file work_31.cif (mmCIF, C-alpha atoms)
data_protein
loop_
_atom_site.label_atom_id
_atom_site.label_comp_id
_atom_site.auth_asym_id
_atom_site.auth_seq_id
_atom_site.Cartn_x
_atom_site.Cartn_y
_atom_site.Cartn_z
CA MET F 233 35.18 21.46 -50.64
CA ARG F 234 32.50 19.49 -52.40
CA ALA F 235 32.98 16.58 -50.04
CA GLY F 236 32.43 18.97 -47.12
CA LEU F 237 29.31 20.27 -48.78
CA VAL F 238 28.00 16.75 -49.33
CA LEU F 239 28.73 15.89 -45.72
CA ALA F 240 26.83 18.96 -44.59
CA ILE F 241 23.89 18.03 -46.80
CA VAL F 242 23.92 14.51 -45.43
CA GLY F 243 24.07 15.86 -41.88
CA VAL F 244 21.11 18.13 -42.51
CA GLY F 245 19.28 15.20 -44.09
CA VAL F 246 19.85 13.03 -41.05
CA LEU F 247 18.72 15.82 -38.76
CA ALA F 248 15.64 16.39 -40.90
CA TRP F 249 14.82 12.71 -40.79
CA ALA F 250 15.34 12.56 -37.03
CA GLY F 251 13.19 15.63 -36.53
CA PHE F 252 10.32 14.98 -38.92
CA ALA F 253 10.03 11.22 -39.35
CA PRO F 254 7.39 9.78 -37.02
CA ILE F 255 8.73 7.47 -34.36
CA HIS F 256 7.79 3.95 -35.36
CA THR F 257 8.61 1.16 -32.99
CA ALA F 258 7.46 -2.36 -32.40
CA SER F 259 6.32 -2.18 -28.80
CA ARG F 260 5.39 0.39 -26.18
CA ASP F 261 6.62 -1.83 -23.37
CA GLN F 262 9.50 -0.88 -21.10
CA ILE F 263 10.36 -4.26 -19.65
CA PHE F 264 12.18 -5.04 -16.41
CA GLU F 265 12.75 -8.62 -15.33
CA ILE F 266 13.80 -10.39 -12.16
CA PRO F 267 16.00 -13.23 -13.39
CA LYS F 268 15.75 -16.69 -11.90
CA GLY F 269 18.10 -17.05 -8.94
CA THR F 270 17.95 -13.39 -7.88
CA TRP F 271 16.71 -14.18 -4.40
CA ALA F 272 19.43 -16.82 -3.94
CA SER F 273 22.07 -14.31 -5.06
CA ARG F 274 20.80 -11.76 -2.59
CA MET F 275 20.79 -14.33 0.19
CA ALA F 276 24.40 -15.10 -0.73
CA GLY F 277 25.22 -11.47 -0.06
CA LYS F 278 25.46 -10.29 -3.64
CA LYS F 279 24.10 -6.89 -4.45
CA VAL F 280 21.56 -7.30 -7.24
CA ALA F 281 19.96 -4.18 -8.65
CA ILE F 282 17.20 -4.88 -11.14
CA LEU F 283 14.92 -1.92 -11.19
CA PRO F 284 16.41 1.57 -11.34
CA ASP F 285 14.95 4.03 -8.86
CA HIS F 286 14.32 6.44 -11.71
CA ILE F 287 12.51 5.34 -14.88
CA ARG F 288 11.74 7.51 -17.87
CA LEU F 289 8.82 6.71 -20.16
CA THR F 290 7.42 8.57 -23.16
CA LEU F 291 3.73 8.86 -23.93
CA GLY F 292 2.66 7.22 -27.17
CA VAL F 293 6.12 5.74 -27.69
CA ARG F 294 7.06 3.74 -24.64
CA ASP F 295 4.46 4.27 -21.98
CA ILE F 296 3.78 0.81 -20.58
CA LEU F 297 5.84 -0.42 -17.65
CA VAL F 298 6.15 -4.21 -17.70
CA LEU F 299 7.58 -6.09 -14.73
CA LYS F 300 8.29 -9.82 -14.86
CA ASN F 301 9.27 -12.05 -11.98
CA HIS F 302 11.12 -15.09 -13.29
CA ASP F 303 12.45 -15.99 -9.86
CA ASP F 304 11.17 -18.82 -7.65
CA VAL F 305 10.00 -16.61 -4.79
CA PRO F 306 7.65 -13.63 -4.42
CA GLN F 307 9.44 -10.30 -4.85
CA ILE F 308 8.63 -6.72 -4.06
CA PHE F 309 9.20 -5.24 -7.48
CA GLY F 310 8.62 -1.54 -7.98
CA PRO F 311 5.26 -0.65 -6.59
CA THR F 312 3.99 -4.13 -6.03
CA LEU F 313 4.44 -7.65 -4.74
CA MET F 314 4.85 -10.14 -7.54
CA MET F 315 4.47 -13.87 -7.36
CA PRO F 316 6.91 -16.24 -9.13
CA GLY F 317 6.12 -16.32 -12.84
CA GLN F 318 3.83 -13.33 -12.59
CA ASN F 319 3.88 -10.34 -14.95
CA PHE F 320 2.61 -6.85 -14.25
CA ARG F 321 1.70 -4.42 -17.01
CA LEU F 322 1.04 -0.80 -16.07
CA PRO F 323 0.03 1.68 -18.79
CA PHE F 324 0.42 5.44 -18.41
CA GLU F 325 -1.86 7.92 -20.14
CA ARG F 326 -0.72 11.19 -18.60
CA ALA F 327 2.64 12.89 -18.65
CA ALA F 328 3.62 13.39 -15.03
CA GLU F 329 6.02 12.28 -12.33
CA TYR F 330 4.80 9.25 -10.39
CA GLN F 331 6.20 8.30 -7.01
CA PHE F 332 5.90 4.78 -5.66
CA ALA F 333 6.96 3.49 -2.29
CA CYS F 334 9.48 0.74 -3.07
CA THR F 335 11.27 -1.10 -0.32
CA ALA F 336 13.65 -2.64 -2.85
CA HIS F 337 15.42 0.72 -3.16
CA ALA F 338 17.64 2.33 -0.58
CA SER F 339 15.69 5.57 -0.94
CA GLY F 340 12.44 3.71 -0.31
CA GLN F 341 11.00 5.31 -3.42
CA MET F 342 10.80 4.71 -7.11
CA THR F 343 10.10 7.55 -9.51
CA ILE F 344 8.59 7.11 -12.93
CA VAL F 345 8.72 10.18 -15.13
CA VAL F 346 6.31 10.01 -18.04
CA GLU F 347 7.25 12.59 -20.63
CA PRO F 348 4.91 13.98 -23.29
CA ASN F 349 4.85 12.48 -26.75
CA PRO F 350 7.76 13.96 -28.78
CA GLU F 351 5.66 15.94 -31.23
CA THR F 352 8.04 18.70 -32.25
CA PRO F 353 11.09 18.09 -34.47
CA TRP F 354 13.43 19.08 -31.67
CA ALA F 355 11.71 16.72 -29.24
CA ARG F 356 11.99 13.86 -31.74
CA ILE F 357 15.69 14.55 -32.32
CA ARG F 358 16.31 14.70 -28.59
CA TRP F 359 14.37 11.47 -28.02
CA ARG F 360 16.25 9.61 -30.77
CA VAL F 361 19.65 10.83 -29.64
CA ARG F 362 18.89 9.86 -26.05
CA GLU F 363 17.72 6.42 -27.14
CA LEU F 364 20.87 5.96 -29.18
CA LEU F 365 23.06 7.00 -26.26
CA ASP F 366 21.12 4.74 -23.87
CA THR F 367 21.60 1.82 -26.23
CA LEU F 368 25.30 2.48 -26.65
CA SER F 369 25.94 2.92 -22.93
CA MET K 830 36.92 18.25 -62.05
CA SER K 831 40.01 17.84 -59.91
CA ALA K 832 37.80 18.01 -56.79
CA TRP K 833 36.20 14.74 -57.85
CA GLY K 834 39.30 12.67 -57.34
CA PRO K 835 39.25 9.13 -55.99
CA ARG K 836 39.65 10.26 -52.37
CA THR K 837 36.78 12.72 -52.63
CA VAL K 838 34.53 10.15 -54.22
CA ALA K 839 35.47 7.68 -51.48
CA ARG K 840 34.60 10.27 -48.80
CA MET K 841 31.26 10.96 -50.44
CA CYS K 842 30.47 7.28 -50.68
CA LEU K 843 31.35 6.89 -47.01
CA ALA K 844 29.16 9.84 -46.05
CA LEU K 845 26.22 8.60 -48.07
CA ALA K 846 26.65 5.12 -46.63
CA CYS K 847 26.34 6.63 -43.17
CA VAL K 848 22.83 7.92 -43.81
CA PRO K 849 21.04 4.58 -43.90
CA LEU K 850 23.38 3.26 -41.21
CA VAL K 851 22.50 6.06 -38.80
CA ALA K 852 18.84 5.90 -39.76
CA THR K 853 18.73 2.17 -39.24
CA THR K 854 20.51 2.46 -35.94
CA LEU K 855 18.14 5.12 -34.71
CA VAL K 856 15.10 3.13 -35.73
CA ALA K 857 16.51 -0.05 -34.28
CA THR K 858 17.21 1.61 -30.96
CA ALA K 859 13.66 2.86 -30.53
CA PRO K 860 12.16 -0.10 -28.72
CA GLY K 861 8.94 1.67 -27.81
CA ALA K 862 6.02 1.91 -30.16
CA SER K 863 4.12 4.51 -32.06
CA ALA K 864 0.55 5.18 -31.07
CA GLY K 865 -1.64 2.36 -32.18
CA ALA K 866 1.26 0.05 -32.96
CA SER K 867 0.26 -2.27 -30.16
CA GLU K 868 -3.03 -2.82 -28.44
CA MET K 869 -3.57 -0.84 -25.28
CA PRO K 870 -4.38 -2.92 -22.23
CA ALA K 871 -8.08 -3.15 -21.58
CA LEU K 872 -7.80 -1.72 -18.08
CA LYS K 873 -6.50 1.67 -17.06
CA ALA K 874 -4.94 0.03 -14.02
CA GLY K 875 -1.84 -2.14 -14.05
CA VAL K 876 -2.78 -5.74 -14.76
CA PHE K 877 -1.38 -8.89 -13.14
CA ASP K 878 -0.88 -11.91 -15.34
CA PRO K 879 -1.72 -14.45 -14.14
CA PRO K 880 -3.83 -12.98 -11.36
CA ARG K 881 -3.37 -14.50 -7.91
CA GLN K 882 -5.97 -15.18 -5.27
CA ALA K 883 -6.32 -12.31 -2.83
CA PRO K 884 -4.86 -13.51 0.47
CA GLU K 885 -7.45 -14.20 3.13
CA PHE K 886 -7.52 -12.12 6.31
CA THR K 887 -9.72 -11.77 9.34
CA LEU K 888 -9.92 -8.31 10.85
CA GLN K 889 -12.34 -6.20 12.83
CA GLY K 890 -14.77 -4.50 10.47
CA SER K 891 -15.91 -0.93 10.95
CA ASN K 892 -19.47 -2.27 10.67
CA GLY K 893 -18.97 -4.20 13.91
CA ALA K 894 -18.67 -7.56 12.18
CA GLU K 895 -15.71 -9.72 11.35
CA LEU K 896 -14.04 -8.58 8.14
CA LYS K 897 -12.89 -11.35 5.83
CA MET K 898 -11.76 -10.94 2.26
CA SER K 899 -13.55 -14.11 1.21
CA ALA K 900 -16.87 -12.61 2.31
CA PHE K 901 -16.84 -10.37 -0.75
CA ARG K 902 -16.72 -13.16 -3.33
CA GLY K 903 -19.17 -12.19 -6.07
CA LYS K 904 -18.37 -8.50 -5.75
CA VAL K 905 -15.59 -6.42 -7.23
CA VAL K 906 -13.47 -5.08 -4.37
CA LEU K 907 -11.45 -1.88 -4.27
CA LEU K 908 -8.87 -2.55 -1.56
CA ALA K 909 -6.92 0.39 -0.17
CA PHE K 910 -4.61 0.87 2.80
CA GLY K 911 -4.29 4.07 4.78
CA PHE K 912 -5.24 5.81 8.02
CA THR K 913 -8.01 8.16 9.00
CA SER K 914 -5.62 10.97 10.06
CA CYS K 915 -4.07 11.02 6.60
CA THR K 916 -4.40 14.46 5.13
CA GLU K 917 -3.36 13.91 1.54
CA VAL K 918 -3.59 10.50 -0.13
CA CYS K 919 -6.48 8.82 1.73
CA PRO K 920 -9.13 11.56 1.53
CA THR K 921 -8.46 11.95 -2.18
CA THR K 922 -8.58 8.23 -2.88
CA LEU K 923 -11.77 7.72 -0.87
CA ALA K 924 -13.44 10.71 -2.53
CA VAL K 925 -12.53 9.25 -5.93
CA PHE K 926 -14.07 5.91 -4.90
CA ALA K 927 -17.26 7.63 -3.78
CA ASP K 928 -17.49 9.58 -7.01
CA ALA K 929 -16.86 6.47 -9.09
CA ARG K 930 -19.63 4.61 -7.26
CA ARG K 931 -22.03 7.49 -7.87
CA LYS K 932 -21.17 7.46 -11.56
CA LEU K 933 -21.74 3.72 -11.77
CA GLY K 934 -25.32 4.12 -10.62
CA PRO K 935 -27.14 0.88 -9.75
CA ALA K 936 -24.09 -1.17 -10.84
CA ALA K 937 -22.27 0.21 -7.79
CA SER K 938 -24.06 -2.40 -5.70
CA GLY K 939 -21.58 -4.90 -7.17
CA VAL K 940 -18.60 -2.90 -5.87
CA GLN K 941 -17.27 -3.01 -2.32
CA VAL K 942 -14.69 -0.59 -1.00
CA VAL K 943 -12.49 -2.07 1.74
CA TYR K 944 -10.13 0.31 3.52
CA ILE K 945 -7.60 -1.20 5.91
CA THR K 946 -5.84 0.97 8.42
CA VAL K 947 -2.09 1.07 8.93
CA ASP K 948 -2.62 2.97 12.19
CA PRO K 949 -4.27 0.65 14.71
CA GLU K 950 -3.34 2.99 17.58
CA ARG K 951 -5.85 5.57 16.48
CA ASP K 952 -8.13 3.75 14.06
CA GLY K 953 -10.65 1.70 15.99
CA PRO K 954 -13.83 0.40 14.32
CA GLU K 955 -16.00 3.33 15.47
CA ARG K 956 -13.61 5.98 14.31
CA MET K 957 -13.23 4.27 10.93
CA LYS K 958 -16.98 3.92 10.53
CA LYS K 959 -17.53 7.62 11.17
CA TYR K 960 -14.66 8.62 8.90
CA LEU K 961 -15.71 6.40 5.99
CA ALA K 962 -19.36 7.38 6.23
CA GLY K 963 -18.24 10.89 5.34
CA PHE K 964 -17.42 9.55 1.89
CA ASP K 965 -19.88 6.71 1.37
CA LYS K 966 -21.83 4.72 3.92
CA SER K 967 -21.19 1.46 2.07
CA PHE K 968 -17.42 1.63 2.61
CA ILE K 969 -16.07 -0.86 5.13
CA GLY K 970 -12.94 -0.29 7.20
CA GLY K 971 -10.70 -2.94 8.66
CA THR K 972 -8.59 -2.74 11.79
CA GLY K 973 -6.90 -5.13 14.18
CA SER K 974 -3.79 -5.63 16.25
CA PRO K 975 -0.48 -4.29 14.93
CA ALA K 976 0.64 -7.87 14.28
CA GLN K 977 -2.55 -8.74 12.39
CA LEU K 978 -2.29 -5.65 10.22
CA ALA K 979 1.41 -6.18 9.59
CA ALA K 980 0.64 -9.70 8.37
CA VAL K 981 -2.02 -8.40 5.98
CA ARG K 982 0.36 -5.75 4.67
CA LYS K 983 3.02 -8.38 4.08
CA ASP K 984 0.61 -10.61 2.17
CA TYR K 985 -0.43 -7.72 -0.05
CA GLY K 986 2.99 -6.12 -0.47
CA ILE K 987 2.02 -2.91 1.30
CA SER K 988 4.58 -0.63 2.90
CA ALA K 989 3.77 1.62 5.86
CA GLU K 990 6.36 3.56 7.78
CA LYS K 991 5.64 5.59 10.89
CA LYS K 992 7.21 9.06 10.92
CA MET K 993 7.35 11.14 14.09
CA TYR K 994 6.67 14.88 14.05
CA GLY K 995 7.34 16.13 17.55
CA ARG K 996 4.73 14.39 19.67
CA ASP K 997 2.56 13.59 16.69
CA TYR K 998 3.11 11.08 13.95
CA THR K 999 2.05 10.22 10.47
CA TYR K 1000 2.48 7.29 8.11
CA VAL K 1001 4.12 7.05 4.73
CA HIS K 1002 2.27 4.20 3.08
CA SER K 1003 1.59 2.56 -0.26
CA SER K 1004 -0.95 4.68 -2.04
CA PHE K 1005 -2.13 2.32 -4.77
CA VAL K 1006 -5.41 0.43 -4.85
CA TYR K 1007 -5.99 -3.23 -5.63
CA LEU K 1008 -8.84 -4.21 -7.91
CA ILE K 1009 -10.09 -7.64 -6.92
CA ASP K 1010 -12.52 -9.42 -9.21
CA ARG K 1011 -15.70 -11.33 -8.38
CA ARG K 1012 -13.70 -14.55 -8.03
CA GLY K 1013 -11.48 -13.01 -5.38
CA ARG K 1014 -8.41 -12.62 -7.59
CA ILE K 1015 -6.12 -9.61 -7.53
CA ARG K 1016 -6.57 -8.48 -11.08
CA ALA K 1017 -5.04 -5.04 -11.13
CA LEU K 1018 -3.33 -2.23 -9.28
CA MET K 1019 -4.41 1.38 -9.74
CA PRO K 1020 -1.70 3.90 -8.85
CA TYR K 1021 -2.63 6.98 -6.85
CA GLY K 1022 -3.93 9.89 -8.86
CA HIS K 1023 -6.35 8.24 -11.25
CA SER K 1024 -9.71 9.86 -11.87
CA PRO K 1025 -13.15 8.52 -10.96
CA ASP K 1026 -13.73 7.95 -14.69
CA ASP K 1027 -10.72 5.64 -14.85
CA TYR K 1028 -12.14 3.62 -11.97
CA VAL K 1029 -15.57 3.56 -13.62
CA HIS K 1030 -13.95 2.32 -16.83
CA ASP K 1031 -12.18 -0.56 -15.09
CA LEU K 1032 -15.01 -1.42 -12.72
CA LYS K 1033 -17.43 -1.75 -15.62
CA ILE K 1034 -15.09 -4.25 -17.27
CA LEU K 1035 -14.66 -6.28 -14.07
CA LEU K 1036 -18.36 -6.12 -13.23
CA GLY K 1037 -19.19 -7.31 -16.72
CA GLU K 1038 -17.16 -10.49 -16.40
#

call {"tool": "encode", "arguments": {"input": "work_31.cif", "output": "structure tokens"}}
result
Amino acid sequence: MRAGLVLAIVGVGVLAWAGFAPIHTASRDQIFEIPKGTWASRMAGKKVAILPDHIRLTLGVRDILVLKNHDDVPQIFGPTLMMPGQNFRLPFERAAEYQFACTAHASGQMTIVVEPNPETPWARIRWRVRELLDTLS
Amino acid sequence: MSAWGPRTVARMCLALACVPLVATTLVATAPGASAGASEMPALKAGVFDPPRQAPEFTLQGSNGAELKMSAFRGKVVLLAFGFTSCTEVCPTTLAVFADARRKLGPAASGVQVVYITVDPERDGPERMKKYLAGFDKSFIGGTGSPAQLAAVRKDYGISAEKKMYGRDYTYVHSSFVYLIDRRGRIRALMPYGHSPDDYVHDLKILLGE
């Protein structure tokens, strides 16, 4: 019985931490990279997907999209054309859904959803759980 | 006291050990950053690093002269692509440019708006001149043959797709704007939807260089 009680207390403690502790992280960058040799792989008929057609960012936590082209040729990457060795850093300051024409995707579009800063306990819990699941998947 | 047997104590220890484990995992899997944890980029627009030279082009200008990108060296250029029959993106973007130039005051003389059509069938120099003057008389339009314009779009990574609506047509095109510095380098890309104040913010930085 007592063990169950302790477990419940611990569970509540974890939830309280997840809900009330501010989200501290080292960088606000969400990085996507084109590895070297991507163009050659595509030319060889391999299907190489680098950038998802749906990206979720969070204001104040991870709200800077960073694209890096490590390949040897220019690439259409998300909304823009990137030269070899070039980086692109796009900050977002407003929560909204952004649509970009992107020929790299079958749909021809890339959507970036910028969500508000998780300010409520429930929003923080949801954000942390989603991050954990994303990391585990 | 029987409830505090070895197995119970072991369970409790396990449960307590989970707290820092879960906490550490959750912190470790939050790769973003809290506000102020990292420096915000100086520009509101997306920044290229390193910046590349804006590809040269030669088109027909709406002012009747030849339109070359290199002619604007020394000015900050806002380069946009669109078409004069556009009912949504282009009028908004051009109105934002005009507002930003007004807000800049005398410094606006260092800014040149260049608007290149994706619709050469309809957008001749005269039509573009009239259309752009409705926003700001200093704006310059660029047009040319379909092949010329396609080459420019390719160099700048611009997409433009013609969509038919009965007998009429429209274009779905890239809606962002390039910010090109005084040295003719593509410094940044402003996505559609930014305010005149955001442009003023970035233009002041580029003009001040």

call {"tool": "resolve_selection", "arguments": {"input": "work_31.cif", "expression": "the PyMOL selection byres ((chain F and resi 322-337) around 8)", "output": "ChimeraX atom specification"}}
result
/F:285,290-291,295-298,308-312,320-321,338-348 /K:869-870,873-876,988,1002-1004

call {"tool": "atom_distance", "arguments": {"input": "work_31.cif", "atom1": "CA of Gly1037 in chain K", "atom2": "CA of Pro935 in chain K"}}
result
13.4 Å

call {"tool": "closest_residue", "arguments": {"input": "work_31.cif", "among": "F:Ile263, F:Leu313, F:Met275, F:Leu237", "to": "chain K", "atoms": "all atoms listed in the file"}}
result
F:Leu313

call {"tool": "residues_around", "arguments": {"input": "work_31.cif", "residues": "range 887-904 of chain K", "least_positions_apart": "2", "cutoff": "7 Å", "atoms": "only C-alpha atoms", "output": "NGL selection string"}}
result
:K and (885 or 906 or 939-941 or 954-955 or 957-958 or 969-973 or 1010-1013)

call {"tool": "residues_around", "arguments": {"input": "work_31.cif", "residues": "range 925-929 of chain K", "least_positions_apart": "5", "cutoff": "8 Å", "atoms": "all atoms listed in the file", "output": "list of chain:residue names"}}
result
K:Val942, K:Phe964, K:Asp965, K:Ser1024, K:Pro1025, K:Asp1026, K:Tyr1028, K:Val1029

call {"tool": "resolve_selection", "arguments": {"input": "work_31.cif", "expression": "the PyMOL selection byres ((chain F and resi 264) around 8)", "output": "JSON, numbers by chain"}}
result
{"F": [262, 263, 265, 266, 282, 283, 297, 298, 299, 300]}

call {"tool": "atom_distance", "arguments": {"input": "work_31.cif", "atom1": "CA of His302 in chain F", "atom2": "CA of Thr257 in chain F"}}
result
25.7 Å

call {"tool": "closest_residue", "arguments": {"input": "work_31.cif", "among": "F:Gly277, F:Gly292, F:Pro284, F:Gly269", "to": "chain K", "atoms": "all atoms listed in the file"}}
result
F:Gly292

call {"tool": "closest_residue", "arguments": {"input": "work_31.cif", "among": "F:Phe252, F:Trp359, F:Trp354, F:Trp271", "to": "chain K", "atoms": "only C-alpha atoms"}}
result
F:Trp359

call {"tool": "resolve_selection", "arguments": {"input": "work_31.cif", "expression": "the PyMOL selection byres ((chain K and resi 1015) around 8)", "output": "number ranges by chain"}}
result
K: 877, 880-883, 1007-1010, 1013-1014, 1016-1017

call {"tool": "atom_distance", "arguments": {"input": "work_31.cif", "atom1": "CA of Gln307 in chain F", "atom2": "CA of Tyr985 in chain K"}}
result
11.3 Å

call {"tool": "closest_residue", "arguments": {"input": "work_31.cif", "among": "F:Asn349, F:Asn301, F:Thr367, F:Ser273", "to": "chain K", "atoms": "only C-alpha atoms"}}
result
F:Thr367

call {"tool": "residues_around", "arguments": {"input": "work_31.cif", "residues": "Pro949 in chain K", "least_positions_apart": "3", "cutoff": "7 Å", "atoms": "all atoms listed in the file", "output": "PDB file with C-alpha atoms, in the frame of the given file"}}
result
ATOM      1  CA  THR K 946      -5.840   0.970   8.420  1.00  0.00           C
ATOM      2  CA  ASP K 952      -8.130   3.750  14.060  1.00  0.00           C
ATOM      3  CA  GLY K 953     -10.650   1.700  15.990  1.00  0.00           C
ATOM      4  CA  THR K 972      -8.590  -2.740  11.790  1.00  0.00           C
ATOM      5  CA  GLY K 973      -6.900  -5.130  14.180  1.00  0.00           C
ATOM      6  CA  SER K 974      -3.790  -5.630  16.250  1.00  0.00           C
ATOM      7  CA  PRO K 975      -0.480  -4.290  14.930  1.00  0.00           C
TER       8      PRO K 975
END

call {"tool": "closest_residue", "arguments": {"input": "work_31.cif", "among": "K:Lys959, K:His1023, K:Lys966, K:Arg930", "to": "chain F", "atoms": "all atoms listed in the file"}}
result
K:His1023

call {"tool": "closest_residue", "arguments": {"input": "work_31.cif", "among": "K:Ile1034, K:Thr913, K:Leu908, K:Ala871", "to": "Tyr1000 in chain K", "atoms": "all atoms listed in the file"}}
result
K:Thr913
